[in-house]
file my_file.txt (compact mmCIF, C-alpha atoms)
# COMPACT_ATOMS: atom_id res chain seq x y z
CA MET A 1063 -47.95 -19.98 4.39
CA ALA A 1064 -50.92 -19.24 6.64
CA ASN A 1065 -51.04 -22.84 7.85
CA VAL A 1066 -47.48 -22.52 9.12
CA MET A 1067 -48.46 -19.46 11.13
CA ASP A 1068 -51.33 -21.39 12.72
CA GLU A 1069 -48.93 -24.05 13.95
CA ASP A 1070 -45.91 -21.92 14.87
CA ALA A 1071 -46.26 -19.46 17.75
CA SER A 1072 -42.89 -17.93 16.85
CA LEU A 1073 -44.50 -16.22 13.83
CA LEU A 1074 -46.05 -12.78 13.94
CA ALA A 1075 -47.37 -12.66 10.37
CA VAL A 1076 -46.84 -13.77 6.79
CA SER A 1077 -46.26 -11.29 3.98
CA ALA A 1078 -46.48 -11.28 0.20
CA TYR A 1079 -43.68 -8.71 -0.08
CA ASN A 1080 -39.89 -8.86 0.04
CA ASP A 1081 -38.06 -5.57 0.58
CA ASN A 1082 -35.01 -7.15 -1.06
CA GLY A 1083 -37.00 -8.85 -3.82
CA LEU A 1084 -35.22 -6.84 -6.48
CA ALA A 1085 -33.70 -7.77 -9.82
CA PRO A 1086 -31.33 -9.51 -10.18
CA ILE A 1087 -31.08 -10.89 -6.62
CA ALA A 1088 -34.65 -12.24 -6.46
CA SER A 1089 -35.12 -15.09 -8.92
CA ASN A 1090 -36.61 -18.19 -7.24
CA ALA A 1091 -40.35 -17.82 -6.69
CA CYS A 1092 -40.39 -21.03 -4.62
CA HIS A 1093 -38.15 -19.80 -1.83
CA VAL A 1094 -39.63 -18.48 1.42
CA TYR A 1095 -37.60 -16.93 4.24
CA ARG A 1096 -38.01 -15.90 7.87
CA SER A 1097 -37.12 -12.46 9.22
CA GLU A 1098 -37.53 -10.42 12.38
CA TRP A 1099 -38.41 -7.51 10.06
CA PHE A 1100 -42.11 -6.86 9.41
CA PRO A 1101 -42.41 -6.14 5.63
CA GLY A 1102 -45.70 -4.24 5.91
CA LEU A 1103 -47.22 -4.94 2.48
CA GLY A 1104 -49.84 -7.60 1.79
CA TRP A 1105 -49.59 -9.20 5.21
CA LEU A 1106 -51.70 -11.67 7.16
CA ALA A 1107 -51.91 -12.25 10.91
CA SER A 1108 -54.20 -14.55 12.84
CA ARG A 1109 -57.56 -13.19 13.93
CA GLU A 1110 -56.80 -14.05 17.54
CA LEU A 1111 -53.53 -12.12 17.48
CA PHE A 1112 -55.02 -9.11 15.73
CA VAL A 1113 -58.22 -8.83 17.78
CA HIS A 1114 -56.84 -9.58 21.22
CA GLU A 1115 -53.29 -8.28 21.05
CA PHE A 1116 -53.06 -5.58 18.38
CA LEU A 1117 -56.48 -3.99 18.02
CA PRO A 1118 -56.87 -2.77 21.64
CA LYS A 1119 -53.77 -0.58 21.26
CA TRP A 1120 -53.74 0.03 17.50
CA PRO A 1121 -52.04 3.38 16.71
CA ASP A 1122 -53.65 6.18 14.72
CA THR A 1123 -50.68 6.46 12.34
CA HIS A 1124 -47.55 4.58 11.28
CA TRP A 1125 -48.87 1.18 12.27
CA ASP A 1126 -46.13 -0.55 10.25
CA HIS A 1127 -43.38 1.07 12.34
CA TRP A 1128 -45.40 0.28 15.45
CA LEU A 1129 -45.61 -3.41 14.54
CA ARG A 1130 -41.83 -3.55 14.10
CA ALA A 1131 -41.20 -2.35 17.65
CA ASP A 1132 -39.98 -4.96 20.12
CA GLU A 1133 -43.02 -4.36 22.32
CA GLN A 1134 -45.28 -5.75 19.59
CA ARG A 1135 -42.93 -8.19 17.90
CA ARG A 1136 -41.82 -9.88 21.14
CA GLY A 1137 -39.22 -12.01 19.38
CA ARG A 1138 -41.60 -13.25 16.70
CA GLU A 1139 -40.78 -13.33 13.00
CA CYS A 1140 -42.48 -13.02 9.62
CA LEU A 1141 -42.50 -15.30 6.60
CA PHE A 1142 -41.99 -13.74 3.17
CA PRO A 1143 -41.26 -15.02 -0.36
CA GLU A 1144 -38.04 -14.32 -2.23
CA VAL A 1145 -40.12 -13.11 -5.19
CA SER A 1146 -42.85 -10.69 -4.13
CA ARG A 1147 -46.53 -11.23 -4.84
CA ASP A 1148 -47.48 -7.54 -4.45
CA LYS A 1149 -45.90 -4.10 -4.75
CA HIS A 1150 -46.27 -0.37 -4.15
CA ILE A 1151 -48.78 1.02 -6.64
CA GLY A 1152 -47.27 4.48 -6.87
CA GLU A 1153 -44.17 6.60 -6.32
CA GLU A 1154 -45.66 8.80 -3.60
CA GLY A 1155 -47.13 7.78 -0.26
CA ALA A 1156 -46.84 7.99 3.50
CA ASN A 1157 -43.58 6.02 3.45
CA MET A 1158 -42.64 6.23 -0.22
CA ASP A 1159 -41.15 8.93 -2.40
CA SER A 1160 -39.95 9.02 -5.99
CA THR A 1161 -36.27 8.69 -5.04
CA THR A 1162 -36.85 5.57 -2.93
CA PHE A 1163 -39.19 4.11 -5.52
CA LYS A 1164 -36.71 4.54 -8.36
CA ARG A 1165 -33.84 3.14 -6.30
CA TYR A 1166 -35.69 0.07 -5.04
CA ASP A 1167 -39.29 -0.66 -5.98
CA SER A 1168 -38.88 0.10 -9.66
CA HIS A 1169 -36.62 -3.00 -9.73
CA LEU A 1170 -39.02 -5.23 -7.79
CA VAL A 1171 -39.56 -8.70 -9.27
CA ILE A 1172 -43.20 -9.86 -9.19
CA ASN A 1173 -44.26 -13.49 -9.43
CA VAL A 1174 -46.60 -14.11 -12.37
CA VAL A 1175 -47.09 -17.89 -12.04
CA SER A 1176 -50.07 -18.67 -9.81
CA SER A 1177 -49.23 -22.38 -9.55
CA THR A 1178 -45.78 -21.88 -8.00
CA GLN A 1179 -44.93 -24.58 -5.45
CA LEU A 1180 -43.68 -23.00 -2.23
CA ALA A 1181 -41.37 -24.63 0.29
CA GLU A 1182 -42.76 -27.39 2.49
CA PRO A 1183 -44.52 -25.99 5.60
CA SER A 1184 -42.32 -28.07 7.92
CA ALA A 1185 -39.26 -26.31 6.50
CA LEU A 1186 -40.67 -22.90 7.48
CA THR A 1187 -41.29 -23.52 11.17
CA LYS A 1188 -38.64 -22.10 13.47
CA VAL A 1189 -37.16 -25.53 14.16
CA GLY A 1190 -37.25 -26.72 10.54
CA TYR A 1191 -35.97 -23.45 9.11
CA GLU A 1192 -33.02 -23.17 11.48
CA GLN A 1193 -32.05 -26.80 11.01
CA ALA A 1194 -31.98 -26.31 7.24
CA LEU A 1195 -30.07 -23.03 7.59
CA ARG A 1196 -27.39 -24.66 9.75
CA LEU A 1197 -27.05 -27.45 7.19
CA SER A 1198 -26.67 -24.88 4.40
CA LEU A 1199 -23.99 -23.04 6.36
CA THR A 1200 -22.16 -26.31 6.90
CA THR A 1201 -22.17 -27.33 3.24
CA ALA A 1202 -21.95 -23.94 1.49
CA ARG A 1203 -18.77 -22.74 -0.16
CA VAL A 1204 -17.11 -20.15 2.08
CA VAL A 1205 -16.09 -17.05 0.14
CA ARG A 1206 -12.53 -16.07 1.04
CA ASP A 1207 -11.96 -13.68 -1.85
CA LEU A 1208 -14.61 -11.31 -3.22
CA GLU A 1209 -13.21 -11.95 -6.69
CA VAL A 1210 -15.36 -15.10 -6.59
CA LEU A 1211 -18.49 -12.98 -6.38
CA VAL A 1212 -17.29 -10.55 -9.02
CA SER A 1213 -16.72 -13.48 -11.40
CA ILE A 1214 -20.23 -14.94 -11.06
CA TYR A 1215 -22.16 -11.66 -11.26
CA ASP A 1216 -23.23 -12.02 -14.89
CA ARG A 1217 -24.30 -15.65 -14.73
CA GLU A 1218 -27.83 -16.37 -15.84
CA PRO A 1219 -30.06 -17.72 -13.04
CA PRO A 1220 -31.28 -21.31 -13.53
CA SER A 1221 -34.78 -21.80 -14.86
CA TYR A 1222 -37.24 -22.98 -12.23
CA SER A 1223 -40.29 -25.09 -12.88
CA ALA A 1224 -43.50 -23.62 -11.52
CA SER A 1225 -44.27 -26.96 -9.89
CA THR A 1226 -40.84 -27.73 -8.46
CA CYS A 1227 -38.96 -25.93 -5.72
CA ALA A 1228 -35.48 -26.28 -7.15
CA SER A 1229 -32.45 -26.29 -4.90
CA CYS A 1230 -29.42 -24.05 -5.43
CA ARG A 1231 -26.75 -25.01 -7.93
CA THR A 1232 -24.17 -23.70 -5.50
CA ALA A 1233 -24.55 -21.97 -2.16
CA TYR A 1234 -21.98 -19.40 -1.09
CA VAL A 1235 -21.60 -18.07 2.44
CA VAL A 1236 -20.12 -14.60 2.92
CA TYR A 1237 -19.12 -13.47 6.41
CA TYR A 1238 -18.89 -9.73 6.98
CA GLY A 1239 -17.74 -7.67 9.95
CA ALA A 1240 -19.26 -4.78 11.88
CA GLY A 1241 -22.62 -5.27 10.24
CA MET A 1242 -24.86 -4.52 13.22
CA SER A 1243 -22.48 -2.77 15.58
CA SER A 1244 -23.52 0.36 17.47
CA GLU A 1245 -21.91 2.32 14.64
CA THR A 1246 -24.32 0.85 12.12
CA ALA A 1247 -27.84 1.68 13.28
CA ASN A 1248 -29.45 4.19 15.60
CA VAL A 1249 -32.32 3.43 17.97
CA ASP A 1250 -34.83 3.71 15.10
CA GLY A 1251 -32.97 1.08 13.09
CA ARG A 1252 -31.84 3.54 10.45
CA ILE A 1253 -28.21 3.31 9.48
CA ASN A 1254 -25.71 6.06 10.03
CA ALA A 1255 -24.17 7.83 7.06
CA HIS A 1256 -20.81 6.06 7.33
CA SER A 1257 -22.14 2.62 8.21
CA PRO A 1258 -20.07 -0.40 7.12
CA TRP A 1259 -23.34 -1.82 5.79
CA LYS A 1260 -23.55 0.79 3.02
CA PRO A 1261 -20.89 -0.68 0.68
CA ILE A 1262 -22.17 -4.19 1.43
CA SER A 1263 -25.73 -3.32 0.44
CA ASN A 1264 -24.47 -1.41 -2.62
CA PHE A 1265 -22.42 -4.40 -3.76
CA PHE A 1266 -25.29 -6.88 -3.63
CA GLY A 1267 -28.16 -4.49 -4.40
CA LEU A 1268 -29.83 -4.85 -1.00
CA TRP A 1269 -31.75 -2.26 0.95
CA HIS A 1270 -29.54 0.21 2.79
CA GLU A 1271 -31.26 -0.70 6.08
CA PRO A 1272 -29.75 -3.99 7.28
CA ARG A 1273 -32.76 -5.12 9.33
CA ARG A 1274 -34.87 -5.70 6.22
CA GLY A 1275 -35.01 -9.41 5.43
CA ARG A 1276 -32.56 -10.37 8.17
CA HIS A 1277 -32.93 -13.54 10.23
CA GLU A 1278 -30.66 -13.46 13.28
CA GLY A 1279 -27.82 -11.88 11.33
CA VAL A 1280 -28.36 -13.77 8.05
CA HIS A 1281 -29.63 -12.42 4.73
CA ARG A 1282 -30.56 -14.90 1.99
CA PHE A 1283 -30.92 -14.08 -1.71
CA HIS A 1284 -29.60 -14.97 -5.17
CA TYR A 1285 -26.57 -13.39 -6.81
CA GLY A 1286 -25.30 -14.40 -10.23
CA GLY A 1287 -27.86 -17.19 -10.17
CA GLU A 1288 -26.36 -18.70 -7.00
CA CYS A 1289 -27.73 -18.83 -3.45
CA ILE A 1290 -26.00 -16.42 -1.10
CA LEU A 1291 -25.90 -16.61 2.69
CA LEU A 1292 -24.69 -13.21 3.90
CA VAL A 1293 -23.79 -13.63 7.56
CA ASP A 1294 -22.90 -11.04 10.19
CA ALA A 1295 -19.71 -12.23 11.90
CA ALA A 1296 -21.19 -11.12 15.24
CA SER A 1297 -24.19 -13.46 14.88
CA ALA A 1298 -24.69 -16.76 16.68
CA TYR A 1299 -24.62 -18.55 13.32
CA ALA A 1300 -21.16 -17.15 12.57
CA GLN A 1301 -19.90 -18.13 16.01
CA GLN A 1302 -20.89 -21.71 15.25
CA HIS A 1303 -19.99 -22.00 11.57
CA MET A 1304 -17.42 -19.40 10.51
CA PRO A 1305 -13.95 -20.97 10.00
CA HIS A 1306 -11.55 -19.94 12.75
CA ASP A 1307 -8.91 -18.85 10.26
CA LEU A 1308 -11.28 -16.62 8.30
CA GLU A 1309 -11.20 -12.85 8.61
CA PRO A 1310 -14.69 -11.48 7.83
CA PHE A 1311 -14.92 -8.93 5.04
CA GLN A 1312 -15.17 -5.31 6.08
CA GLY A 1313 -17.28 -2.77 4.24
CA GLN A 1314 -14.45 -1.10 2.34
CA LYS A 1315 -13.55 -4.38 0.63
CA PHE A 1316 -17.05 -4.57 -0.83
CA GLY A 1317 -16.65 -1.01 -2.07
CA ARG A 1318 -13.45 -1.90 -3.92
CA ALA A 1319 -15.02 -5.08 -5.30
CA LEU A 1320 -18.01 -3.11 -6.57
CA TRP A 1321 -15.70 -0.70 -8.36
CA GLU A 1322 -13.88 -3.62 -9.99
CA ARG A 1323 -17.15 -5.24 -11.03
CA MET A 1324 -18.36 -2.02 -12.61
CA GLN A 1325 -15.09 -1.66 -14.51
CA LEU A 1326 -15.32 -5.22 -15.82
CA SER A 1327 -18.94 -4.66 -16.94
CA GLY A 1328 -18.00 -1.45 -18.76
CA ALA A 1329 -19.97 0.77 -16.38
CA LEU A 1330 -16.76 2.65 -15.54
CA PRO A 1331 -13.73 3.62 -17.64
CA THR A 1332 -10.73 1.33 -17.11
call {"tool": "encode", "arguments": {"input": "my_file.txt", "output": "structure tokens"}}
result
Amino acid sequence: MANVMDEDASLLAVSAYNDNGLAPIASNACHVYRSEWFPGLGWLASRELFVHEFLPKWPDTHWDHWLRADEQRRGRECLFPEVSRDKHIGEEGANMDSTTFKRYDSHLVINVVSSTQLAEPSALTKVGYEQALRLSLTTARVVRDLEVLVSIYDREPPSYSASTCASCRTAYVVYYGAGMSSETANVDGRINAHSPWKPISNFFGLWHEPRRGRHEGVHRFHYGGECILLVDAASAYAQQHMPHDLEPFQGQKFGRALWERMQLSGALPT
């Protein structure tokens, strides 16, 4: 991925880590995504950028939070794989505790095949990536009833060849409302206790902070072995692609669907 960064000035860094690279929603080691979020683990930036832009004002502490600030990011994004290539090595650290580790990183999927074929570099540039994303949004099956997602939850993911970047069997697009409203996140990007994002992230098994892994209002991952495009209805992508007769799902609907899914799986009494 480093060669893409050399050619694309819209990239800040590449990372080996995916915050949302958790079982079972991370399954295709070939897939690479773009995000305005800086993952902060196993990352690479160009020497020119680091020496001339970052190093003169490098902070004494919390450099990862510092790099995520708009003053440093300046609209640039990061590349990261769906399946992580590194991980936290312990449950305690400057930005890690046992509760967070058990909730998220203990479920992290790590790639073990060194010969995995990643996406073509041209598909990861800003132009190539957004063209492909628009095409996916045009052709994906629009979810109008969350029962569809409940029904595919237990499907086995397809097997991927280490040398072939397989495409999705089916792509589903899910439009949700109030995802990044002023009621969702404070100035530090942390969500409020009653955020509509909470039941959404709980349903899919995503991080409770919506900025992680997001590209202009879109999260991409696997669910029930299928590719999911989770799109904020307030995003530019939704304005262009969301059907006019569709009402985006609100957080409480995901909460009810999660309860139903847990009942069907036997996790809750019927």
call {"tool": "residues_around", "arguments": {"input": "my_file.txt", "residues": "Arg1217 (chain A)", "least_positions_apart": "2", "cutoff": "8 Å", "atoms": "all atoms listed in the file", "output": "list in words"}}
result
Ile1214, Tyr1215, Pro1219, Gly1286 and Gly1287 of chain A
call {"tool": "residues_around", "arguments": {"input": "my_file.txt", "residues": "region 1092-1100 of chain A", "least_positions_apart": "3", "cutoff": "9 Å", "atoms": "all atoms listed in the file", "output": "PyMOL selection string"}}
result
chain A and resi 1063+1073-1077+1103+1105+1126-1127+1129-1130+1135+1137-1145+1178-1181+1186-1188+1191+1222+1224-1228+1273-1278+1280-1282
call {"tool": "atom_distance", "arguments": {"input": "my_file.txt", "atom1": "CA of Glu1110 (chain A)", "atom2": "CA of Trp1128 (chain A)"}}
result
18.4 Å
call {"tool": "atom_distance", "arguments": {"input": "my_file.txt", "atom1": "CA of Leu1170 (chain A)", "atom2": "CA of Phe1316 (chain A)"}}
result
23.1 Å
call {"tool": "atom_distance", "arguments": {"input": "my_file.txt", "atom1": "CA of Asp1068 (chain A)", "atom2": "CA of Val1293 (chain A)"}}
result
29.1 Å
call {"tool": "closest_residue", "arguments": {"input": "my_file.txt", "among": "A:Arg1203, A:Lys1119, A:Pro1305, A:Gly1152", "to": "Lys1164 (chain A)", "atoms": "all atoms listed in the file"}}
result
A:Gly1152
call {"tool": "axis_aligned_box", "arguments": {"input": "my_file.txt", "around": "region 1168-1171 of chain A", "padding_each_side": "4 Å", "output": "JSON"}}
result
{"center_x": -38.1, "center_y": -4.3, "center_z": -8.8, "size_x": 10.9, "size_y": 16.8, "size_z": 9.9}
call {"tool": "residues_around", "arguments": {"input": "my_file.txt", "residues": "region 1193-1202 of chain A", "least_positions_apart": "6", "cutoff": "6 Å", "atoms": "all atoms listed in the file", "output": "JSON, numbers by chain"}}
result
{"A": [1233, 1234, 1235]}
call {"tool": "closest_atom_pairs", "arguments": {"input": "my_file.txt", "of": "region 1159-1232 of chain A", "to": "region 1080-1083 of chain A", "cutoff": "9 Å", "atoms": "only C-alpha atoms", "output": "JSON lines"}}
result
{"residue": "A:Tyr1166", "atom": "CA", "partner": "A:Asn1082", "partner_atom": "CA", "distance": 8.3}
{"residue": "A:Asp1167", "atom": "CA", "partner": "A:Asp1081", "partner_atom": "CA", "distance": 8.3}
{"residue": "A:His1169", "atom": "CA", "partner": "A:Gly1083", "partner_atom": "CA", "distance": 8.3}
{"residue": "A:Leu1170", "atom": "CA", "partner": "A:Gly1083", "partner_atom": "CA", "distance": 5.7}
{"residue": "A:Val1171", "atom": "CA", "partner": "A:Gly1083", "partner_atom": "CA", "distance": 6.0}
{"residue": "A:Ile1172", "atom": "CA", "partner": "A:Gly1083", "partner_atom": "CA", "distance": 8.3}
call {"tool": "write_last_selection", "arguments": {"input": "my_file.txt", "atoms": "C-alpha atoms", "output": "PDB file, in the coordinates of the input"}}
result
ATOM      1  CA  TYR A1166     -35.690   0.070  -5.040  1.00  0.00           C
ATOM      2  CA  ASP A1167     -39.290  -0.660  -5.980  1.00  0.00           C
ATOM      3  CA  HIS A1169     -36.620  -3.000  -9.730  1.00  0.00           C
ATOM      4  CA  LEU A1170     -39.020  -5.230  -7.790  1.00  0.00           C
ATOM      5  CA  VAL A1171     -39.560  -8.700  -9.270  1.00  0.00           C
ATOM      6  CA  ILE A1172     -43.200  -9.860  -9.190  1.00  0.00           C
TER       7      ILE A1172
END
call {"tool": "closest_residue", "arguments": {"input": "my_file.txt", "among": "A:Asn1065, A:Ser1327, A:Ser1177, A:Ser1257", "to": "Pro1272 (chain A)", "atoms": "all atoms listed in the file"}}
result
A:Ser1257
call {"tool": "residues_around", "arguments": {"input": "my_file.txt", "residues": "Asp1148 (chain A)", "least_positions_apart": "3", "cutoff": "7 Å", "atoms": "all atoms listed in the file", "output": "list in words"}}
result
Ala1078, Tyr1079, Gly1104 and Ile1172 of chain A
call {"tool": "residues_near_point", "arguments": {"input": "my_file.txt", "point": "(-14.5, -22.3, 9.8)", "cutoff": "12 Å", "atoms": "all atoms listed in the file", "output": "PyMOL selection string"}}
result
chain A and resi 1199-1206+1235-1237+1295+1299-1310
call {"tool": "closest_residue", "arguments": {"input": "my_file.txt", "among": "A:Trp1259, A:Phe1265, A:Phe1283, A:Trp1120", "to": "Val1212 (chain A)", "atoms": "only C-alpha atoms"}}
result
A:Phe1265
call {"tool": "build_atoms", "arguments": {"input": "my_file.txt", "residues": "region 1272-1283 of chain A", "atoms": "all heavy atoms", "output": "short mmCIF file (atom, residue, chain, number, x, y, z; two decimals), in the frame of the given file"}}
result
data_model
loop_
_atom_site.label_atom_id
_atom_site.label_comp_id
_atom_site.auth_asym_id
_atom_site.auth_seq_id
_atom_site.Cartn_x
_atom_site.Cartn_y
_atom_site.Cartn_z
N PRO A 1272 -30.11 -2.57 7.15
CA PRO A 1272 -29.75 -3.99 7.28
C PRO A 1272 -30.80 -4.86 7.95
O PRO A 1272 -30.76 -6.08 7.81
CB PRO A 1272 -28.46 -3.95 8.12
CG PRO A 1272 -28.50 -2.65 8.83
CD PRO A 1272 -29.19 -1.70 7.91
N ARG A 1273 -31.75 -4.28 8.67
CA ARG A 1273 -32.76 -5.12 9.33
C ARG A 1273 -33.72 -5.77 8.34
O ARG A 1273 -34.32 -6.81 8.65
CB ARG A 1273 -33.56 -4.29 10.34
CG ARG A 1273 -32.75 -3.80 11.52
CD ARG A 1273 -33.66 -3.22 12.58
NE ARG A 1273 -34.55 -2.20 12.05
CZ ARG A 1273 -35.61 -1.71 12.69
NH1 ARG A 1273 -35.92 -2.17 13.88
NH2 ARG A 1273 -36.36 -0.78 12.13
N ARG A 1274 -33.89 -5.18 7.18
CA ARG A 1274 -34.87 -5.70 6.22
C ARG A 1274 -34.43 -7.07 5.70
O ARG A 1274 -33.37 -7.21 5.10
CB ARG A 1274 -35.06 -4.72 5.06
CG ARG A 1274 -35.66 -3.40 5.50
CD ARG A 1274 -35.78 -2.43 4.34
NE ARG A 1274 -36.20 -1.11 4.79
CZ ARG A 1274 -37.41 -0.59 4.58
NH1 ARG A 1274 -38.32 -1.28 3.91
NH2 ARG A 1274 -37.71 0.62 5.01
N GLY A 1275 -35.28 -8.07 5.91
CA GLY A 1275 -35.01 -9.41 5.43
C GLY A 1275 -34.04 -10.22 6.25
O GLY A 1275 -33.73 -11.35 5.90
N ARG A 1276 -33.58 -9.68 7.37
CA ARG A 1276 -32.56 -10.37 8.17
C ARG A 1276 -33.18 -11.37 9.13
O ARG A 1276 -34.19 -11.10 9.77
CB ARG A 1276 -31.76 -9.34 8.96
CG ARG A 1276 -30.54 -9.90 9.69
CD ARG A 1276 -29.93 -8.84 10.59
NE ARG A 1276 -30.85 -8.51 11.69
CZ ARG A 1276 -30.78 -7.41 12.42
NH1 ARG A 1276 -29.88 -6.50 12.14
NH2 ARG A 1276 -31.63 -7.19 13.40
N HIS A 1277 -32.55 -12.53 9.24
CA HIS A 1277 -32.93 -13.54 10.23
C HIS A 1277 -31.72 -13.81 11.12
O HIS A 1277 -30.78 -14.48 10.70
CB HIS A 1277 -33.39 -14.83 9.57
CG HIS A 1277 -33.51 -16.00 10.50
ND1 HIS A 1277 -34.55 -16.12 11.41
CD2 HIS A 1277 -32.71 -17.08 10.70
CE1 HIS A 1277 -34.39 -17.24 12.11
NE2 HIS A 1277 -33.28 -17.83 11.70
N GLU A 1278 -31.73 -13.24 12.30
CA GLU A 1278 -30.66 -13.46 13.28
C GLU A 1278 -29.27 -13.28 12.67
O GLU A 1278 -28.38 -14.10 12.85
CB GLU A 1278 -30.82 -14.83 13.92
CG GLU A 1278 -32.13 -14.97 14.68
CD GLU A 1278 -32.26 -16.29 15.43
OE1 GLU A 1278 -31.25 -17.01 15.53
OE2 GLU A 1278 -33.36 -16.59 15.90
N GLY A 1279 -29.13 -12.21 11.91
CA GLY A 1279 -27.82 -11.88 11.33
C GLY A 1279 -27.56 -12.47 9.98
O GLY A 1279 -26.44 -12.33 9.46
N VAL A 1280 -28.55 -13.12 9.35
CA VAL A 1280 -28.36 -13.77 8.05
C VAL A 1280 -29.34 -13.20 7.03
O VAL A 1280 -30.55 -13.15 7.28
CB VAL A 1280 -28.55 -15.29 8.15
CG1 VAL A 1280 -28.33 -15.94 6.77
CG2 VAL A 1280 -27.61 -15.90 9.18
N HIS A 1281 -28.82 -12.78 5.89
CA HIS A 1281 -29.63 -12.42 4.73
C HIS A 1281 -29.48 -13.52 3.69
O HIS A 1281 -28.37 -14.02 3.47
CB HIS A 1281 -29.18 -11.09 4.11
CG HIS A 1281 -29.48 -9.89 4.94
ND1 HIS A 1281 -28.67 -9.49 5.97
CD2 HIS A 1281 -30.52 -9.00 4.90
CE1 HIS A 1281 -29.19 -8.38 6.53
NE2 HIS A 1281 -30.30 -8.08 5.89
N ARG A 1282 -30.59 -13.87 3.03
CA ARG A 1282 -30.56 -14.90 1.99
C ARG A 1282 -31.15 -14.34 0.70
O ARG A 1282 -32.22 -13.72 0.71
CB ARG A 1282 -31.34 -16.14 2.45
CG ARG A 1282 -30.85 -16.69 3.76
CD ARG A 1282 -31.69 -17.86 4.25
NE ARG A 1282 -31.42 -19.07 3.48
CZ ARG A 1282 -31.95 -20.25 3.79
NH1 ARG A 1282 -32.76 -20.38 4.84
NH2 ARG A 1282 -31.67 -21.31 3.07
N PHE A 1283 -30.48 -14.59 -0.42
CA PHE A 1283 -30.92 -14.08 -1.71
C PHE A 1283 -30.12 -14.78 -2.80
O PHE A 1283 -29.28 -15.65 -2.51
CB PHE A 1283 -30.75 -12.57 -1.79
CG PHE A 1283 -29.37 -12.08 -1.43
CD1 PHE A 1283 -28.38 -11.92 -2.40
CD2 PHE A 1283 -29.05 -11.80 -0.10
CE1 PHE A 1283 -27.11 -11.49 -2.06
CE2 PHE A 1283 -27.76 -11.37 0.25
CZ PHE A 1283 -26.79 -11.22 -0.73
#
